[in-house]
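File shown: entry09.txt. Contents: compact mmCIF, C-alpha atoms and all ligand atoms.
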# COMPACT_ATOMS: atom_id res chain seq x y z
CA MET W 1 17.22 -13.55 12.99
CA ASN W 2 14.51 -12.00 10.88
CA ALA W 3 12.26 -14.08 8.67
CA PRO W 4 13.17 -13.67 5.00
CA THR W 5 10.10 -11.52 4.38
CA ASP W 6 11.42 -9.05 6.92
CA VAL W 7 14.49 -8.35 4.85
CA LEU W 8 13.85 -5.24 2.79
CA LEU W 9 17.21 -4.87 1.16
CA GLU W 10 20.21 -7.11 0.73
CA ALA W 11 23.56 -6.44 -0.87
CA LEU W 12 25.36 -9.66 -1.77
CA ASP W 13 29.04 -9.12 -2.53
CA VAL W 14 28.33 -6.20 -4.84
CA THR W 15 31.07 -4.52 -6.81
CA LEU W 16 30.92 -1.49 -9.09
CA GLU W 17 33.69 -0.62 -11.49
CA TYR W 18 33.65 2.52 -13.55
CA ASP W 19 35.43 2.36 -16.84
CA ASP W 20 36.05 5.83 -18.18
CA GLY W 21 38.20 4.70 -21.08
CA SER W 22 41.64 5.38 -19.70
CA ARG W 23 41.30 3.72 -16.31
CA ARG W 24 39.06 1.47 -14.24
CA VAL W 25 37.92 2.59 -10.83
CA ARG W 26 36.58 0.02 -8.41
CA ALA W 27 34.27 2.33 -6.46
CA VAL W 28 32.43 -0.45 -4.59
CA ASP W 29 34.38 -3.56 -3.71
CA GLY W 30 32.56 -6.65 -2.45
CA VAL W 31 29.98 -5.07 -0.15
CA SER W 32 27.44 -7.26 1.68
CA PHE W 33 24.84 -6.27 4.27
CA THR W 34 21.20 -6.70 5.14
CA LEU W 35 18.61 -4.08 5.97
CA ALA W 36 15.66 -5.55 7.86
CA ARG W 37 12.23 -3.98 8.12
CA GLY W 38 12.09 -1.32 10.80
CA MET W 39 15.80 -0.65 10.60
CA PHE W 40 17.63 2.67 10.36
CA LEU W 41 21.03 2.05 8.90
CA GLY W 42 23.74 4.70 8.66
CA LEU W 43 26.61 4.74 6.18
CA VAL W 44 29.67 6.92 6.72
CA GLY W 45 32.98 7.18 4.97
CA PRO W 46 35.39 9.75 3.59
CA SER W 47 34.78 11.59 0.35
CA GLY W 48 35.41 9.28 -2.60
CA SER W 49 34.98 6.10 -0.55
CA GLY W 50 32.09 4.94 -2.76
CA LYS W 51 29.03 5.93 -0.72
CA SER W 52 27.05 7.46 -3.59
CA SER W 53 28.11 4.64 -5.93
CA LEU W 54 26.79 2.09 -3.45
CA MET W 55 23.50 4.01 -3.16
CA PHE W 56 23.10 3.93 -6.96
CA LEU W 57 23.57 0.16 -6.90
CA LEU W 58 21.08 -0.28 -4.08
CA ALA W 59 18.46 1.73 -5.94
CA GLY W 60 19.03 -0.15 -9.20
CA LEU W 61 20.18 3.04 -10.91
CA ARG W 62 23.39 1.29 -11.94
CA PRO W 63 23.87 -2.43 -12.43
CA PRO W 64 26.59 -4.00 -10.25
CA SER W 65 29.72 -5.24 -12.05
CA SER W 66 29.34 -8.35 -9.94
CA GLY W 67 27.16 -9.49 -7.06
CA GLU W 68 23.48 -8.90 -6.53
CA VAL W 69 21.07 -6.50 -4.86
CA ARG W 70 17.80 -7.92 -3.57
CA LEU W 71 14.85 -5.66 -2.88
CA LEU W 72 11.97 -7.18 -0.89
CA GLY W 73 13.42 -10.63 -1.48
CA LYS W 74 13.70 -10.28 -5.27
CA PRO W 75 16.89 -9.65 -7.24
CA LEU W 76 16.90 -6.22 -8.83
CA PRO W 77 16.99 -6.59 -12.61
CA ALA W 78 20.40 -5.83 -14.07
CA SER W 79 19.24 -2.97 -16.26
CA PRO W 80 18.18 0.32 -14.71
CA ASP W 81 15.23 0.45 -17.11
CA ALA W 82 14.00 -2.94 -15.98
CA SER W 83 14.37 -2.05 -12.30
CA ALA W 84 12.51 1.24 -12.75
CA SER W 85 9.09 -0.05 -11.76
CA ALA W 86 10.38 -1.70 -8.56
CA ARG W 87 12.20 1.51 -7.75
CA ARG W 88 9.20 3.71 -8.41
CA GLU W 89 6.92 1.52 -6.36
CA HIS W 90 9.09 0.79 -3.35
CA VAL W 91 12.08 3.10 -3.09
CA GLY W 92 12.35 6.76 -2.21
CA PHE W 93 15.74 8.01 -3.36
CA LEU W 94 17.28 11.27 -2.26
CA PHE W 95 20.25 12.25 -4.39
CA GLN W 96 23.28 14.00 -2.99
CA GLU W 97 22.79 16.71 -5.63
CA PRO W 98 19.14 17.75 -5.36
CA PHE W 99 17.47 17.04 -8.65
CA LEU W 100 14.18 18.79 -9.33
CA VAL W 101 12.22 19.52 -12.48
CA PRO W 102 12.80 23.26 -12.96
CA TYR W 103 9.42 24.21 -14.41
CA LEU W 104 7.39 22.44 -11.72
CA SER W 105 6.61 23.72 -8.24
CA VAL W 106 7.86 21.87 -5.18
CA ARG W 107 4.39 20.37 -4.78
CA GLU W 108 4.30 19.22 -8.42
CA ASN W 109 7.83 17.84 -8.14
CA ALA W 110 6.67 15.74 -5.22
CA LEU W 111 3.23 14.67 -6.40
CA GLY W 112 3.23 15.08 -10.16
CA HIS W 113 -0.09 16.43 -11.35
CA THR W 114 -2.11 14.30 -8.97
CA THR W 115 -5.28 15.82 -7.57
CA ASP W 116 -5.46 13.28 -4.75
CA ALA W 117 -6.53 15.34 -1.73
CA GLN W 118 -5.15 12.88 0.78
CA ALA W 119 -1.69 12.82 -0.81
CA SER W 120 -1.73 16.59 -0.96
CA ALA W 121 -2.72 16.93 2.71
CA ARG W 122 0.02 14.51 3.72
CA LEU W 123 2.56 16.55 1.77
CA ASP W 124 1.43 19.69 3.62
CA GLU W 125 2.08 17.94 6.93
CA LEU W 126 5.51 16.68 5.91
CA ALA W 127 6.47 20.12 4.60
CA ALA W 128 5.39 21.81 7.83
CA GLU W 129 7.69 19.58 9.86
CA ILE W 130 10.80 20.70 7.99
CA GLY W 131 10.00 24.36 7.50
CA MET W 132 8.85 24.04 3.88
CA ALA W 133 5.12 24.75 4.27
CA ASP W 134 5.35 28.14 2.58
CA LYS W 135 7.62 26.89 -0.25
CA LEU W 136 5.37 24.26 -1.78
CA GLU W 137 4.17 26.46 -4.64
CA GLU W 138 7.63 27.81 -5.48
CA ARG W 139 9.75 26.69 -8.42
CA PRO W 140 13.20 25.30 -7.61
CA HIS W 141 15.18 28.33 -8.87
CA ARG W 142 13.61 30.47 -6.13
CA LEU W 143 14.87 28.14 -3.39
CA SER W 144 18.13 28.04 -1.47
CA GLY W 145 20.35 24.94 -1.61
CA GLY W 146 19.01 23.67 1.69
CA GLU W 147 15.44 24.24 0.56
CA ARG W 148 16.04 22.36 -2.68
CA GLN W 149 17.40 19.49 -0.66
CA ARG W 150 14.31 19.45 1.53
CA ALA W 151 12.11 19.65 -1.59
CA SER W 152 13.87 16.52 -2.88
CA LEU W 153 13.23 14.89 0.46
CA LEU W 154 9.52 15.65 0.14
CA ARG W 155 9.53 14.05 -3.28
CA ALA W 156 11.36 10.97 -1.95
CA LEU W 157 8.72 10.53 0.75
CA ALA W 158 5.68 11.48 -1.31
CA ASN W 159 4.51 8.01 -2.30
CA ASP W 160 5.21 6.52 1.12
CA PRO W 161 7.95 4.12 -0.05
CA GLU W 162 8.98 0.89 1.70
CA LEU W 163 12.59 1.91 1.65
CA VAL W 164 14.22 5.34 1.70
CA LEU W 165 17.79 5.78 0.51
CA ALA W 166 19.08 9.24 1.40
CA ASP W 167 22.49 10.42 0.23
CA GLU W 168 23.78 13.29 2.42
CA PRO W 169 20.27 14.60 3.19
CA THR W 170 21.59 17.14 5.70
CA ALA W 171 24.68 18.37 3.86
CA ASN W 172 23.39 21.89 3.19
CA LEU W 173 21.45 22.30 6.42
CA ASP W 174 22.18 23.77 9.83
CA GLN W 175 22.25 21.38 12.78
CA THR W 176 18.65 22.05 13.89
CA THR W 177 17.11 21.67 10.44
CA GLY W 178 19.32 18.63 9.82
CA ARG W 179 17.96 17.06 12.97
CA ALA W 180 14.38 17.80 11.86
CA VAL W 181 15.08 16.13 8.52
CA ILE W 182 16.50 13.00 10.16
CA ASP W 183 13.61 12.89 12.66
CA LEU W 184 11.11 13.16 9.81
CA LEU W 185 12.87 10.45 7.82
CA ARG W 186 12.94 8.20 10.84
CA ARG W 187 9.29 8.72 11.71
CA GLN W 188 8.15 8.16 8.13
CA THR W 189 10.10 4.90 7.86
CA ARG W 190 9.65 3.40 11.30
CA ALA W 191 7.85 0.31 9.99
CA LYS W 192 9.95 0.40 6.83
CA GLY W 193 13.61 0.79 5.97
CA LEU W 194 15.95 3.76 6.02
CA LEU W 195 19.53 4.09 4.86
CA VAL W 196 21.21 7.45 5.40
CA VAL W 197 24.62 8.38 4.02
CA THR W 198 26.30 11.19 5.89
CA HIS W 199 29.70 12.61 6.66
CA ASP W 200 28.28 13.88 9.97
CA PRO W 201 28.03 10.99 12.46
CA SER W 202 26.05 13.15 14.92
CA MET W 203 23.10 12.71 12.53
CA LEU W 204 23.19 8.97 13.14
CA THR W 205 22.68 8.91 16.89
CA GLY W 206 19.34 7.09 16.48
CA ALA W 207 20.64 4.54 13.96
CA ASP W 208 20.32 0.82 14.66
CA ARG W 209 23.59 0.16 12.92
CA VAL W 210 26.30 2.20 11.22
CA LEU W 211 28.37 0.89 8.31
CA PHE W 212 31.78 2.35 7.55
CA LEU W 213 33.02 2.49 3.99
CA ARG W 214 36.63 2.97 3.01
CA ASP W 215 38.00 2.57 -0.52
CA GLY W 216 34.77 0.85 -1.53
CA ARG W 217 34.91 -1.75 1.24
CA LEU W 218 32.99 -2.07 4.48
CA VAL W 219 35.33 -1.84 7.45
CA GLU W 220 34.83 -2.21 11.17
CA GLY W 221 33.89 1.01 12.93
N1 LIG I 1 30.72 8.23 -13.15
C1 LIG I 1 31.95 7.95 -12.67
N2 LIG I 1 32.95 7.59 -13.51
C2 LIG I 1 34.20 7.27 -13.04
N3 LIG I 1 34.53 7.31 -11.74
C3 LIG I 1 33.57 7.67 -10.86
C4 LIG I 1 32.24 8.02 -11.26
N4 LIG I 1 31.51 8.34 -10.16
C5 LIG I 1 32.34 8.20 -9.11
N5 LIG I 1 33.57 7.80 -9.52
C6 LIG I 1 34.73 7.52 -8.66
O1 LIG I 1 34.35 6.47 -7.77
C7 LIG I 1 34.86 6.73 -6.46
C8 LIG I 1 33.71 6.80 -5.46
O2 LIG I 1 32.91 7.94 -5.72
P1 LIG I 1 31.56 8.22 -4.94
O3 LIG I 1 30.72 7.00 -4.97
O4 LIG I 1 30.96 9.46 -5.47
O5 LIG I 1 32.09 8.44 -3.44
P2 LIG I 1 31.46 9.24 -2.20
O6 LIG I 1 30.00 9.37 -2.43
O7 LIG I 1 31.81 8.40 -1.01
O8 LIG I 1 32.14 10.57 -2.14
C9 LIG I 1 35.68 8.00 -6.56
O9 LIG I 1 37.02 7.62 -6.79
C10 LIG I 1 35.09 8.68 -7.76
O10 LIG I 1 36.06 9.51 -8.38
MG MG I 2 28.73 10.98 -2.46
Will you turn the file into structure tokens for me?
Ligand SMILES: Nc1ncnc2c1ncn2[C@@H]1O[C@H](COP(=O)(O)OP(=O)(O)O)[C@@H](O)[C@H]1O
Ligand SMILES: [Mg+2]
Amino acid sequence: MNAPTDVLLEALDVTLEYDDGSRRVRAVDGVSFTLARGMFLGLVGPSGSGKSSLMFLLAGLRPPSSGEVRLLGKPLPASPDASASARREHVGFLFQEPFLVPYLSVRENALGHTTDAQASARLDELAAEIGMADKLEERPHRLSGGERQRASLLRALANDPELVLADEPTANLDQTTGRAVIDLLRRQTRAKGLLVVTHDPSMLTGADRVLFLRDGRLVEG
């Protein structure tokens, strides 16, 4: 059993219902789990099973319809605006659809307009590990899908977050580059927390635990 301070992330019976006017969709249905410090957790499940919805809840990007998410022992505020500072400070989030500011370079997307030499040098090292060293000054429209995904990864890791939530980080990558991305994620979060959503279980060989999601519920593997 880990001491409470060693629990980075907790989902307590969280549910998310979408209401798009005509119908309600229960995308996440009573999910509970704990992610302790140092842990690499995998999440797999078929398309539409609620993986991305769960990730949004965990990052505080959507409030749960019921239940609670606790980050570093504190409940995430219900409103995404109120949870923004906790998210910015502690969580690196990698969206399934890479999201980059089009008029900024990869480096600027990751670091903003910081002139911090140490942060910049660290970014160079991270980029080199995943074959992005020569893309840092490019704008997103000049990148391939896989490169945009890796650029988003660099941004997620840039401020050395306590917890990284990565939604399909290897979806547009070949096996070798996918492996490099997972290895990098793992190494950067070894004393922290990592949750990786993937449809490719071979990417989760190093995971401490794998959760299976089906119709919004956790099921036994
Ligand atoms: N913004 C939304 N509004 C209504 N329904 C949604 C929305 N986003 C996702 N859904 C529905 O919720 C379910 C889970 O979707 P999602 O979390 O994207 O699953 P996954 O990431 O596992 O493919 C699906 O039935 C999907 O159609
Ligand atoms: Mg998804």
Practice task
Could the residues that lie within 12 Å of ligand LIG 1 (chain I), counting only C-alpha atoms and all ligand atoms, be listed as a PyMOL selection string?
Solution key: chain W and resi 15-29+43-57+61-62+95-97+166-168+196-199+212-218
Exercise for the section: Excluding W:Ala78 and residues on its chain fewer than 4 positions from it, collect all residues at most 12 Å away from it, counting all atoms listed in the file, and give them as a PyMOL selection string. Expected result: chain W and resi 57-70+74+82-84
Practice task
Show which residues sit within 9 Å of W:Met203, as a ChimeraX atom specification. Count all atoms listed in the file, and ignore same-chain residues fewer than 5 positions away.
Solution key: /W:42,170,175,178-179,182,198
Keeping C-alpha atoms, export the residues of the selection given above as a short mmCIF file (atom, residue, chain, number, x, y, z; two decimals), in the coordinates of the input.
data_model
loop_
_atom_site.label_atom_id
_atom_site.label_comp_id
_atom_site.auth_asym_id
_atom_site.auth_seq_id
_atom_site.Cartn_x
_atom_site.Cartn_y
_atom_site.Cartn_z
CA GLY W 42 23.74 4.70 8.66
CA THR W 170 21.59 17.14 5.70
CA GLN W 175 22.25 21.38 12.78
CA GLY W 178 19.32 18.63 9.82
CA ARG W 179 17.96 17.06 12.97
CA ILE W 182 16.50 13.00 10.16
CA THR W 198 26.30 11.19 5.89
#
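Each of W:Ile130, W:Ala171, W:Leu72, W:Ala110 was checked against ligand MG 2 (chain I) using only C-alpha atoms and all ligand atoms; the smallest atom-to-atom distance is that of W:Ala171.
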Residues within 12 Å of (24.9, 0.4, 8.6), file coordinates, counting only C-alpha atoms: what are they? Give the list as a CSV table (one decimal) with C-alpha atoms, in the coordinates of the input.
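Just written: part_35.csv:
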chain,number,residue,atom,x,y,z
W,9,LEU,CA,17.2,-4.9,1.2
W,10,GLU,CA,20.2,-7.1,0.7
W,11,ALA,CA,23.6,-6.4,-0.9
W,31,VAL,CA,30.0,-5.1,-0.2
W,32,SER,CA,27.4,-7.3,1.7
W,33,PHE,CA,24.8,-6.3,4.3
W,34,THR,CA,21.2,-6.7,5.1
W,35,LEU,CA,18.6,-4.1,6.0
W,36,ALA,CA,15.7,-5.6,7.9
W,39,MET,CA,15.8,-0.6,10.6
W,40,PHE,CA,17.6,2.7,10.4
W,41,LEU,CA,21.0,2.0,8.9
W,42,GLY,CA,23.7,4.7,8.7
W,43,LEU,CA,26.6,4.7,6.2
W,44,VAL,CA,29.7,6.9,6.7
W,45,GLY,CA,33.0,7.2,5.0
W,51,LYS,CA,29.0,5.9,-0.7
W,193,GLY,CA,13.6,0.8,6.0
W,194,LEU,CA,16.0,3.8,6.0
W,195,LEU,CA,19.5,4.1,4.9
W,196,VAL,CA,21.2,7.4,5.4
W,197,VAL,CA,24.6,8.4,4.0
W,198,THR,CA,26.3,11.2,5.9
W,201,PRO,CA,28.0,11.0,12.5
W,204,LEU,CA,23.2,9.0,13.1
W,206,GLY,CA,19.3,7.1,16.5
W,207,ALA,CA,20.6,4.5,14.0
W,208,ASP,CA,20.3,0.8,14.7
W,209,ARG,CA,23.6,0.2,12.9
W,210,VAL,CA,26.3,2.2,11.2
W,211,LEU,CA,28.4,0.9,8.3
W,212,PHE,CA,31.8,2.4,7.6
W,213,LEU,CA,33.0,2.5,4.0
W,218,LEU,CA,33.0,-2.1,4.5
W,219,VAL,CA,35.3,-1.8,7.4
W,220,GLU,CA,34.8,-2.2,11.2
W,221,GLY,CA,33.9,1.0,12.9
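The nearest approach to W:Asp116 among the residues W:Leu104, W:Asp200, W:Leu143, W:Ala158, with all atoms listed in the file taken into account, belongs to W:Ala158.
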Practice task
Point out the residue among W:Ala121, W:Ala128, W:Ala191, W:Pro169 with the least atom-to-atom distance to ligand MG 2 (chain I), counting all atoms listed in the file.
Solution key: W:Pro169
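For the set W:Thr115, W:Ser79, W:Thr176, W:Asn109, the residue with the smallest atom-to-atom gap to W:Pro140 is W:Asn109, counting only C-alpha atoms.
Nearest to ligand MG 2 (chain I) of all the residues W:Leu94, W:Leu100, W:Ala119, W:Leu136 is W:Leu94, based on all atoms listed in the file.
Of the residues listed (W:Val7, W:Leu185, W:Leu76, W:Leu111), W:Leu185 shows the shortest atom-to-atom separation from W:Leu153; distances use only C-alpha atoms.
For the atom pair formed by atom CA of W:Leu71 and atom CA of W:Arg37, the distance is 11.4 Å, given to one decimal.
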